[in-house]
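Student: Sharing protein-v7.txt (compact mmCIF, C-alpha atoms) below.
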```txt
# COMPACT_ATOMS: atom_id res chain seq x y z
CA MET A 925 14.39 -4.66 -54.81
CA ASP A 926 10.60 -4.86 -55.16
CA GLU A 927 10.95 -5.87 -58.81
CA SER A 928 13.32 -8.72 -58.07
CA ARG A 929 11.04 -9.79 -55.23
CA GLY A 930 8.07 -9.78 -57.60
CA GLN A 931 10.02 -11.71 -60.24
CA ARG A 932 11.04 -14.28 -57.72
CA TYR A 933 7.45 -14.80 -56.55
CA ARG A 934 6.29 -15.05 -60.20
CA ASP A 935 8.92 -17.69 -61.02
CA GLN A 936 7.98 -19.74 -57.99
CA ALA A 937 4.27 -19.40 -58.74
CA ASN A 938 4.76 -20.62 -62.31
CA LEU A 939 6.83 -23.52 -61.08
CA LEU A 940 4.10 -24.37 -58.56
CA LEU A 941 1.44 -24.31 -61.32
CA ARG A 942 3.54 -26.62 -63.47
CA CYS A 943 3.99 -29.03 -60.56
CA LEU A 944 0.25 -29.07 -60.00
CA ASP A 945 -0.46 -29.58 -63.72
CA SER A 946 1.84 -32.59 -63.74
CA ASN A 947 0.34 -33.76 -60.43
CA ASP A 948 3.78 -33.73 -58.73
CA LEU A 949 2.58 -32.84 -55.23
CA ASP A 950 5.90 -33.57 -53.50
CA LYS A 951 7.64 -31.04 -55.67
CA ALA A 952 4.74 -28.59 -55.13
CA ASP A 953 5.31 -28.87 -51.36
CA ARG A 954 8.98 -28.04 -51.84
CA VAL A 955 8.10 -24.97 -53.91
CA VAL A 956 5.72 -23.76 -51.23
CA ASP A 957 8.52 -24.29 -48.66
CA GLU A 958 10.82 -22.17 -50.84
CA ILE A 959 8.27 -19.39 -51.02
CA THR A 960 7.75 -19.49 -47.24
CA LYS A 961 11.48 -19.36 -46.61
CA PHE A 962 11.85 -16.38 -48.91
CA ARG A 963 8.96 -14.62 -47.17
CA GLU A 964 10.54 -15.27 -43.75
CA SER A 965 13.86 -13.83 -44.84
CA ILE A 966 12.07 -10.61 -45.81
CA LEU A 967 10.32 -10.52 -42.42
CA PHE A 968 13.60 -10.96 -40.57
CA LYS A 969 15.17 -8.18 -42.61
CA GLU A 970 12.28 -5.87 -41.71
CA LEU A 971 12.45 -6.90 -38.09
CA GLY A 972 16.16 -6.14 -38.11
CA THR A 973 15.55 -2.67 -39.54
CA LEU A 974 12.84 -2.01 -36.95
CA THR A 975 15.11 -3.12 -34.10
CA ARG A 976 17.87 -0.88 -35.41
CA ASP A 977 15.46 2.08 -35.57
CA LEU A 978 14.20 1.39 -32.06
CA HIS A 979 17.73 1.16 -30.74
CA ASP A 980 18.73 4.42 -32.44
CA THR A 981 15.65 6.11 -31.04
CA ILE A 982 16.38 4.94 -27.53
CA VAL A 983 19.97 6.14 -27.81
CA THR A 984 18.81 9.52 -29.11
CA PHE A 985 16.22 9.87 -26.39
CA GLY A 986 18.58 8.66 -23.71
CA SER A 987 20.98 11.51 -24.43
CA ASP A 988 18.23 14.04 -25.02
CA ILE A 989 17.70 15.11 -21.43
CA ASP A 990 15.76 18.19 -22.52
CA ASP A 991 12.92 16.07 -23.80
CA LYS A 992 10.69 15.82 -20.77
CA ARG A 993 7.86 14.00 -22.44
CA ILE A 994 9.73 10.77 -22.56
CA ASN A 995 12.96 10.24 -20.79
CA ILE A 996 14.24 6.73 -21.30
CA LYS A 997 17.35 7.51 -19.32
CA LYS A 998 15.31 8.45 -16.27
CA LEU A 999 13.03 5.51 -16.79
CA ALA A 1000 15.88 3.04 -16.88
CA GLU A 1001 18.12 4.64 -14.28
CA GLU A 1002 15.57 5.85 -11.74
CA GLU A 1003 11.98 4.81 -12.15
CA VAL A 1004 12.35 1.09 -12.74
CA PRO A 1005 14.91 0.54 -9.93
CA ASP A 1006 12.76 2.80 -7.75
CA ALA A 1007 9.73 0.62 -8.46
CA SER A 1008 11.73 -2.52 -7.74
CA GLN A 1009 12.79 -1.13 -4.39
CA ARG A 1010 9.19 -0.20 -3.58
CA LEU A 1011 8.02 -3.69 -4.44
CA GLN A 1012 10.78 -5.19 -2.34
CA TYR A 1013 9.59 -3.03 0.55
CA VAL A 1014 6.05 -4.34 0.03
CA ILE A 1015 7.38 -7.92 0.23
CA ASP A 1016 9.30 -7.08 3.40
CA MET A 1017 6.30 -5.43 5.03
CA THR A 1018 3.83 -8.18 4.18
CA GLU A 1019 6.31 -10.79 5.34
CA ASP A 1020 6.82 -8.94 8.59
CA ALA A 1021 3.05 -8.61 9.10
CA ALA A 1022 2.46 -12.29 8.41
CA ASP A 1023 5.25 -13.17 10.81
CA ARG A 1024 3.88 -10.91 13.57
CA THR A 1025 0.35 -12.25 13.11
CA LEU A 1026 1.43 -15.89 13.12
CA THR A 1027 3.60 -15.38 16.19
CA ALA A 1028 0.72 -13.74 18.04
CA VAL A 1029 -1.65 -16.56 17.08
CA GLU A 1030 0.89 -19.24 18.02
CA GLN A 1031 1.41 -17.63 21.41
CA GLY A 1032 -2.30 -17.07 21.99
CA MET A 1033 -3.44 -20.58 21.10
CA PRO A 1034 -1.93 -22.38 24.17
CA LEU A 1035 -3.34 -19.67 26.45
CA ALA A 1036 -6.86 -20.24 25.11
CA GLU A 1037 -6.36 -24.01 25.34
CA ASP A 1038 -5.19 -23.77 28.94
CA ILE A 1039 -8.23 -21.70 29.96
CA GLY A 1040 -10.56 -24.18 28.25
CA ASN A 1041 -8.91 -27.40 29.44
CA ARG A 1042 -8.72 -26.36 33.06
CA ALA A 1043 -12.29 -25.04 33.07
CA ASN A 1044 -13.37 -28.40 31.72
CA TYR A 1045 -11.50 -30.33 34.40
CA LEU A 1046 -12.66 -28.06 37.20
CA SER A 1047 -16.29 -28.15 36.13
CA GLU A 1048 -16.23 -31.96 36.41
CA ARG A 1049 -14.88 -31.70 39.96
CA TRP A 1050 -17.46 -29.02 40.68
CA GLU A 1051 -20.23 -31.34 39.56
CA ASN A 1052 -18.84 -33.96 41.96
CA PHE A 1053 -18.97 -31.41 44.74
CA LYS A 1054 -22.58 -30.49 43.93
CA ASP A 1055 -23.47 -34.19 43.97
CA ARG A 1056 -21.83 -34.34 47.41
CA ASN A 1057 -19.22 -36.78 46.16
CA LEU A 1058 -16.21 -34.88 47.52
CA SER A 1059 -14.50 -35.50 50.85
CA PRO A 1060 -13.56 -32.39 52.88
CA GLU A 1061 -9.96 -33.08 51.88
CA GLN A 1062 -10.87 -33.18 48.18
CA PHE A 1063 -12.94 -30.02 48.55
CA ARG A 1064 -9.99 -28.14 50.07
CA SER A 1065 -7.85 -29.19 47.15
CA LEU A 1066 -10.57 -28.14 44.65
CA SER A 1067 -10.89 -24.81 46.37
CA LEU A 1068 -7.13 -24.19 46.03
CA GLU A 1069 -7.23 -25.21 42.38
CA LEU A 1070 -10.11 -22.84 41.74
CA ASP A 1071 -8.18 -19.99 43.34
CA SER A 1072 -5.18 -20.58 41.10
CA TYR A 1073 -7.43 -21.07 38.06
CA PHE A 1074 -9.09 -17.67 38.61
CA ALA A 1075 -5.72 -15.97 39.05
CA ASP A 1076 -4.20 -17.67 35.99
CA THR A 1077 -7.25 -17.05 33.83
CA THR A 1078 -7.19 -13.35 34.62
CA GLU A 1079 -3.53 -13.33 33.60
CA ASN A 1080 -4.06 -15.51 30.52
CA ALA A 1081 -6.98 -13.44 29.32
CA GLU A 1082 -4.87 -10.29 29.53
CA ALA A 1083 -2.00 -12.01 27.68
CA LEU A 1084 -4.47 -13.21 25.07
CA ARG A 1085 -5.86 -9.71 24.66
CA GLU A 1086 -2.31 -8.42 24.09
CA ARG A 1087 -1.68 -11.06 21.41
CA MET A 1088 -4.90 -10.17 19.66
CA ASN A 1089 -3.96 -6.52 19.76
CA GLU A 1090 -0.60 -7.42 18.22
CA ALA A 1091 -2.37 -9.33 15.43
CA LEU A 1092 -4.63 -6.32 14.92
CA MET A 1093 -1.74 -3.84 14.71
CA ALA A 1094 0.13 -6.09 12.29
CA GLN A 1095 -2.60 -5.47 9.72
CA GLU A 1096 -1.62 -1.82 9.27
CA PHE A 1097 0.77 -2.91 6.52
CA GLN A 1098 -2.21 -3.08 4.17
CA ASP A 1099 -2.69 0.68 4.14
CA LEU A 1100 1.01 1.36 3.52
CA THR A 1101 1.55 -1.35 0.90
CA GLY A 1102 -1.68 -0.26 -0.82
CA GLN A 1103 -0.34 3.27 -1.21
CA ILE A 1104 3.04 2.03 -2.43
CA LEU A 1105 1.48 -0.36 -4.96
CA ARG A 1106 -0.67 2.47 -6.33
CA ARG A 1107 2.52 4.42 -7.01
CA VAL A 1108 4.08 1.46 -8.82
CA ILE A 1109 0.94 1.02 -10.92
CA GLU A 1110 1.20 4.69 -11.92
CA MET A 1111 4.82 4.10 -12.89
CA VAL A 1112 4.00 1.04 -14.99
CA HIS A 1113 1.33 3.09 -16.71
CA HIS A 1114 3.94 5.74 -17.46
CA VAL A 1115 6.32 3.14 -18.89
CA GLU A 1116 3.54 1.82 -21.08
CA GLU A 1117 2.77 5.29 -22.41
CA SER A 1118 6.45 5.87 -23.07
CA LEU A 1119 6.79 2.63 -25.00
CA VAL A 1120 3.75 3.42 -27.12
CA TYR A 1121 5.29 6.80 -27.88
CA LEU A 1122 8.59 5.14 -28.72
CA ILE A 1123 6.90 2.80 -31.17
CA LYS A 1124 5.14 5.71 -32.83
CA VAL A 1125 8.41 7.61 -33.12
CA SER A 1126 10.31 4.65 -34.53
CA SER A 1127 7.67 4.11 -37.15
CA GLY A 1128 8.15 7.72 -38.24
CA ARG A 1129 4.87 9.03 -36.98
CA GLY A 1130 6.13 10.43 -33.69
CA LEU A 1131 5.92 14.03 -34.76
CA LEU A 1132 2.21 13.66 -35.32
CA LEU A 1133 1.75 12.92 -31.65
CA ASP A 1134 -0.31 15.36 -29.63
CA GLU A 1135 2.12 18.09 -28.62
CA SER A 1136 0.16 18.80 -25.46
CA GLY A 1137 1.20 15.35 -24.21
CA GLU A 1138 1.25 15.40 -20.44
CA GLU A 1139 4.56 16.02 -18.83
CA THR A 1140 5.49 14.30 -15.64
CA PRO A 1141 6.83 17.11 -13.53
CA GLU A 1142 8.87 16.51 -10.41
CA GLU A 1143 5.84 17.24 -8.28
CA GLU A 1144 5.68 16.39 -4.63
CA GLN A 1145 4.02 13.02 -4.58
CA LEU A 1146 2.14 11.80 -1.56
CA GLY A 1147 2.76 8.39 -0.06
CA PRO A 1148 4.66 6.48 2.55
CA ALA A 1149 8.42 6.88 2.90
CA VAL A 1150 10.23 3.89 1.41
CA PRO A 1151 13.71 3.04 2.69
CA GLY A 1152 16.26 3.47 -0.07
CA VAL A 1153 13.86 5.47 -2.23
CA SER A 1154 12.90 8.48 -0.12
CA LYS A 1155 15.58 11.11 0.45
CA PRO A 1156 16.69 10.72 4.08
CA ALA A 1157 17.14 14.46 4.63
CA GLU A 1158 13.54 15.17 3.73
CA VAL A 1159 11.75 12.53 5.75
CA VAL A 1160 11.62 11.68 9.40
CA SER A 1161 12.40 8.08 10.26
CA SER A 1162 10.62 7.68 13.59
CA GLN A 1163 7.84 9.03 15.79
CA ASP A 1164 10.55 10.51 18.04
CA GLU A 1165 11.78 12.67 15.17
CA VAL A 1166 8.22 13.83 14.52
CA ASP A 1167 7.88 14.75 18.19
CA ASP A 1168 11.23 16.60 18.15
CA LEU A 1169 10.26 18.52 15.05
CA LEU A 1170 6.89 19.49 16.51
CA SER A 1171 8.37 20.54 19.84
CA SER A 1172 10.87 22.71 17.96
CA LEU A 1173 7.82 24.41 16.47
CA GLY A 1174 6.43 25.09 19.93
CA PHE A 1175 4.20 22.05 20.29
CA MET B 386 -16.99 11.37 23.59
CA GLN B 387 -17.71 10.86 19.90
CA ILE B 388 -14.73 10.40 17.55
CA LEU B 389 -14.59 10.51 13.74
CA ILE B 390 -11.97 8.32 12.04
CA VAL B 391 -11.09 9.32 8.47
CA ASP B 392 -8.96 7.02 6.29
CA ASP B 393 -9.41 5.70 2.76
CA PHE B 394 -8.23 2.20 3.77
CA SER B 395 -10.87 0.32 5.74
CA THR B 396 -8.18 -1.86 7.36
CA MET B 397 -6.64 1.20 8.96
CA ARG B 398 -10.03 2.54 10.09
CA ARG B 399 -10.74 -0.79 11.76
CA ILE B 400 -7.33 -0.84 13.45
CA ILE B 401 -7.78 2.67 14.82
CA LYS B 402 -11.36 1.92 15.86
CA ASN B 403 -10.25 -1.17 17.78
CA LEU B 404 -7.34 0.64 19.41
CA LEU B 405 -9.62 3.48 20.49
CA ARG B 406 -12.12 0.99 21.88
CA ASP B 407 -9.27 -0.56 23.83
CA LEU B 408 -8.49 2.88 25.27
CA GLY B 409 -12.10 3.25 26.36
CA PHE B 410 -13.43 5.29 23.44
CA THR B 411 -16.33 3.23 22.18
CA ASN B 412 -18.29 5.91 20.33
CA THR B 413 -16.60 6.16 16.94
CA GLN B 414 -17.74 6.79 13.39
CA GLU B 415 -15.88 6.42 10.11
CA ALA B 416 -15.44 8.31 6.84
CA ASP B 417 -13.28 7.43 3.83
CA ASP B 418 -12.11 10.92 2.83
CA GLY B 419 -12.46 14.62 3.62
CA ASN B 420 -15.47 15.11 1.36
CA THR B 421 -17.44 12.55 3.34
CA ALA B 422 -16.05 13.65 6.70
CA LEU B 423 -16.65 17.40 6.51
CA PRO B 424 -20.48 17.28 6.29
CA MET B 425 -20.53 14.72 9.12
CA LEU B 426 -18.44 17.05 11.28
CA GLN B 427 -20.56 20.07 10.36
CA LYS B 428 -23.68 18.27 11.51
CA GLY B 429 -22.11 18.39 14.94
CA GLY B 430 -21.66 16.00 17.82
CA PHE B 431 -18.00 15.09 17.29
CA ASP B 432 -15.43 15.81 19.99
CA PHE B 433 -12.33 14.52 18.27
CA LEU B 434 -11.08 13.92 14.71
CA VAL B 435 -8.49 11.32 13.72
CA THR B 436 -7.50 11.64 10.05
CA ASP B 437 -5.12 10.22 7.47
CA TRP B 438 -3.40 12.61 5.04
CA ASN B 439 -3.21 10.91 1.65
CA MET B 440 -6.74 10.19 0.47
CA PRO B 441 -8.46 10.51 -2.91
CA GLY B 442 -11.01 13.31 -3.07
CA MET B 443 -10.31 15.62 -0.17
CA THR B 444 -7.00 14.95 1.61
CA GLY B 445 -6.49 15.10 5.35
CA ILE B 446 -4.55 18.36 5.24
CA GLU B 447 -7.36 19.97 3.23
CA LEU B 448 -9.85 18.63 5.75
CA LEU B 449 -7.79 20.06 8.60
CA LYS B 450 -7.70 23.48 6.91
CA ALA B 451 -11.45 23.33 6.24
CA VAL B 452 -12.09 22.43 9.88
CA ARG B 453 -9.98 25.33 11.14
CA ALA B 454 -11.75 27.69 8.73
CA ASP B 455 -15.19 26.61 9.95
CA ALA B 456 -16.51 28.76 12.82
CA GLY B 457 -18.28 25.80 14.42
CA LEU B 458 -15.34 23.42 14.16
CA LYS B 459 -12.22 25.53 14.54
CA THR B 460 -11.47 24.30 18.08
CA LEU B 461 -12.07 20.61 17.31
CA PRO B 462 -8.98 18.59 18.33
CA VAL B 463 -7.41 16.93 15.28
CA LEU B 464 -4.91 14.07 15.33
CA MET B 465 -3.21 13.09 12.08
CA VAL B 466 -2.23 9.44 11.68
CA THR B 467 -0.42 9.22 8.37
CA ALA B 468 2.38 7.66 6.35
CA GLU B 469 3.43 11.15 5.21
CA ALA B 470 6.83 11.58 6.84
CA LYS B 471 8.37 14.56 5.05
CA ARG B 472 9.53 17.33 7.34
CA ASP B 473 7.80 19.92 5.15
CA GLN B 474 4.51 18.10 5.55
CA ILE B 475 4.75 17.88 9.33
CA ILE B 476 5.51 21.61 9.44
CA GLU B 477 2.58 22.30 7.12
CA ALA B 478 0.23 20.33 9.35
CA ALA B 479 1.53 22.12 12.45
CA GLN B 480 0.99 25.48 10.80
CA ALA B 481 -2.52 24.45 9.77
CA GLY B 482 -3.28 23.81 13.43
CA VAL B 483 -3.01 20.07 13.94
CA ASN B 484 -3.09 18.94 17.59
CA GLY B 485 -1.02 15.77 17.17
CA TYR B 486 0.89 13.95 14.41
CA ILE B 487 1.59 10.22 14.30
CA VAL B 488 3.55 8.58 11.48
CA LYS B 489 2.61 5.10 10.33
CA PRO B 490 3.58 2.46 11.16
CA PHE B 491 2.72 3.31 14.76
CA THR B 492 2.08 1.50 18.03
CA ALA B 493 -0.93 1.38 20.34
CA VAL B 494 1.18 3.08 23.02
CA THR B 495 1.98 6.01 20.70
CA LEU B 496 -1.71 6.51 19.95
CA GLN B 497 -2.56 6.48 23.63
CA GLU B 498 0.22 8.95 24.49
CA LYS B 499 -0.75 11.43 21.81
CA ILE B 500 -4.43 11.33 22.68
CA GLU B 501 -3.69 11.83 26.38
CA LYS B 502 -1.36 14.70 25.57
CA ILE B 503 -3.97 16.40 23.38
CA PHE B 504 -6.61 16.26 26.11
CA GLU B 505 -4.19 17.36 28.82
CA ARG B 506 -3.47 20.48 26.81
CA ILE B 507 -7.12 21.17 26.15
CA GLU B 508 -8.02 20.82 29.80
CA ALA B 509 -5.04 22.91 30.95
```
Please, can you express the file's structure as structure tokens?
Tutor:
Amino acid sequence: MDESRGQRYRDQANLLLRCLDSNDLDKADRVVDEITKFRESILFKELGTLTRDLHDTIVTFGSDIDDKRINIKKLAEEEVPDASQRLQYVIDMTEDAADRTLTAVEQGMPLAEDIGNRANYLSERWENFKDRNLSPEQFRSLSLELDSYFADTTENAEALRERMNEALMAQEFQDLTGQILRRVIEMVHHVEESLVYLIKVSSGRGLLLDESGEETPEEEQLGPAVPGVSKPAEVVSSQDEVDDLLSSLGF
Amino acid sequence: MQILIVDDFSTMRRIIKNLLRDLGFTNTQEADDGNTALPMLQKGGFDFLVTDWNMPGMTGIELLKAVRADAGLKTLPVLMVTAEAKRDQIIEAAQAGVNGYIVKPFTAVTLQEKIEKIFERIEA
């Protein structure tokens, strides 16, 4: 194989030299094209072999459940879908938070505007009163308007405070999504390590890999419960369930 | 009353701080994990501890255990506010002597209820 490859290169090289000697550059170009084509066909053949090896390795590993260091089966069937679900949950939570915040702001804005606009209007009337430009009739009407303004402003300010509190509480997603994203980053890191290992194995150097390679045991991982990922029997789904559990323990 | 808020996410510390201020507790301090919080607590002056569970360094459950093991701090009321929702974890916290347990996401009303309940018990 190597010999015929060498012979073929030599023939083409000689041909190329002859073309150059006779100053036939067009033909020289064609010879170079030939050489390139030949080289590419070798590359594709090697790529094919490599792909085959990789595929065989994945199949072997997929069925080799005992090998804990790298478990492609688990990766493909559990970890990647698990990560997708976590990321979906992050999208849902951030969307919900944005929605809550925007709603609170949209509801709060008119309240603030109302307080400001009416204060503006009333202060003009008040100036008129101070300049003694109001009739007793007009003053009575101003006095009534002031009464209702004070009552409404007290109410509006409380409603505004509630909206701001709502916007504040909506930000708690950041803590939860942060924890979830950290878990996904860990998983991606694990996938990366596994792929590097796979490449080493498929190139025949896998056995040289450090045997003390870290295992990923089924340890209890900390982090928020994610719907569809966490096992329902193990986690509580509401504050009421927490309270029930605690009261069953004598709390 | 001086309260220490322990959480590794500053957003959550700010939320809790603002909620507490809304409930009338204006004297709060913050720490980002158990290792920072414990020396602050040991210096004295705190009447109440609100802590997360999952934090790098020293976790909230470790902090709770350290507080209960410290002669000067063992009666300090501790409220956990955490995303950890496994039954085993809630039981572990209860056994370690937590005074209240709130799972995130939570509401302002829940926080108020749990704090009131904790102080009712202490005063009773």
Student: Please compute the atom CA of Phe433 of chain B-atom CA of Ile503 of chain B distance, one decimal, in Å.
Tutor: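 Between atom CA of Phe433 of chain B and atom CA of Ile503 of chain B the gap works out to 10.0 Å.
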Student: Please compute the atom CA of Thr1025 of chain A-atom CA of Glu1090 of chain A distance, one decimal, in Å.
Tutor: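 These two atoms are separated by 7.1 Å.
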Student: Kindly indicate which residue among A:Ser1118, A:Gln1098, A:Gln1103, A:Thr975 lies nearest to Met440 of chain B, using all atoms listed in the file for the distances.
Tutor: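 Of the candidates, the smallest distance to Met440 of chain B is held by A:Gln1103.
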Student: Pull out every residue of chain B sitting within 8 Å of chain A, counting all atoms listed in the file, and send them as a ChimeraX atom specification.
Tutor: /B:394,396-397,400,404,439,468-473,475-476,479,486-493
Student: Write out, as a tab-separated table (two decimals), keeping the file's coordinate frame, the residues just selected, with C-alpha atoms.
Tutor:
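Okay, this is what ended up in part00.tsv:
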```tsv
chain	number	residue	atom	x	y	z
B	394	PHE	CA	-8.23	2.20	3.77
B	396	THR	CA	-8.18	-1.86	7.36
B	397	MET	CA	-6.64	1.20	8.96
B	400	ILE	CA	-7.33	-0.84	13.45
B	404	LEU	CA	-7.34	0.64	19.41
B	439	ASN	CA	-3.21	10.91	1.65
B	468	ALA	CA	2.38	7.66	6.35
B	469	GLU	CA	3.43	11.15	5.21
B	470	ALA	CA	6.83	11.58	6.84
B	471	LYS	CA	8.37	14.56	5.05
B	472	ARG	CA	9.53	17.33	7.34
B	473	ASP	CA	7.80	19.92	5.15
B	475	ILE	CA	4.75	17.88	9.33
B	476	ILE	CA	5.51	21.61	9.44
B	479	ALA	CA	1.53	22.12	12.45
B	486	TYR	CA	0.89	13.95	14.41
B	487	ILE	CA	1.59	10.22	14.30
B	488	VAL	CA	3.55	8.58	11.48
B	489	LYS	CA	2.61	5.10	10.33
B	490	PRO	CA	3.58	2.46	11.16
B	491	PHE	CA	2.72	3.31	14.76
B	492	THR	CA	2.08	1.50	18.03
B	493	ALA	CA	-0.93	1.38	20.34
```
Student: Between B:Val463, B:Ile507, B:Leu389, B:Ile500, which residue has the minimum interatomic distance to Ile446 of chain B, considering all atoms listed in the file?
Tutor: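 Of the candidates, the smallest distance to Ile446 of chain B is held by B:Val463.
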Student: Between B:Met425, B:Leu408, B:Leu496, B:Val435, single out the one closest to Asp392 of chain B, counting all atoms listed in the file.
Tutor: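 Under the stated criterion, the closest residue is B:Val435.
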Student: May I ask which of the residues B:Gln427, B:Pro462, B:Gln474, B:Thr467 is the closest one to Lys502 of chain B, counting all atoms listed in the file?
Tutor: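 Closest to Lys502 of chain B of all the choices is B:Pro462.
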Student: Using only C-alpha atoms, which protein or nucleic acid residues come within 8 Å of Pro441 of chain B? Drop anything in the same chain fewer than 2 positions from it, and give the result as a VMD selection string.
Tutor: chain B and resid 393 418 439 443 to 444
Student: Of the candidates B:Gly409, B:Pro424, B:Gly419, B:Gly457, which one gets nearest to Gly442 of chain B if we count only C-alpha atoms?
Tutor: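 Selected residue with least distance to Gly442 of chain B: B:Gly419.
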Student: Show me, as a PyMOL selection string, the residues that have an atom within 12 Å of Val1029 of chain A when counting only C-alpha atoms, minus same-chain residues fewer than 2 positions from it.
Tutor: chain A and resi 1022-1027+1031-1036+1083-1092+1094
Student: Neighbouring residues of Gly429 of chain B were defined as those with any atom within 12 Å, considering only C-alpha atoms; residues of the same chain fewer than 3 positions away were excluded. Please report them as a count of residues only.
Tutor: 17
Student: In Å, how far is it from atom CA of Phe431 of chain B to atom CA of Met386 of chain B?
Tutor: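 Result for atom CA of Phe431 of chain B versus atom CA of Met386 of chain B: 7.4 Å, one decimal.
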Student: Between B:Thr411, B:Thr495, B:Asn420, B:Thr436, which one has atoms that come closest to Leu449 of chain B, using all atoms listed in the file?
Tutor: B:Thr436
Student: For segment 1051-1063 of chain A, I'd like the enclosing box, axis-aligned and padded by 4 Å on every side, reported as JSON with centre and edge lengths in Å to one decimal.
Tutor:
```
{"center_x": -16.7, "center_y": -33.4, "center_z": 46.2, "size_x": 21.5, "size_y": 14.8, "size_z": 21.3}
```
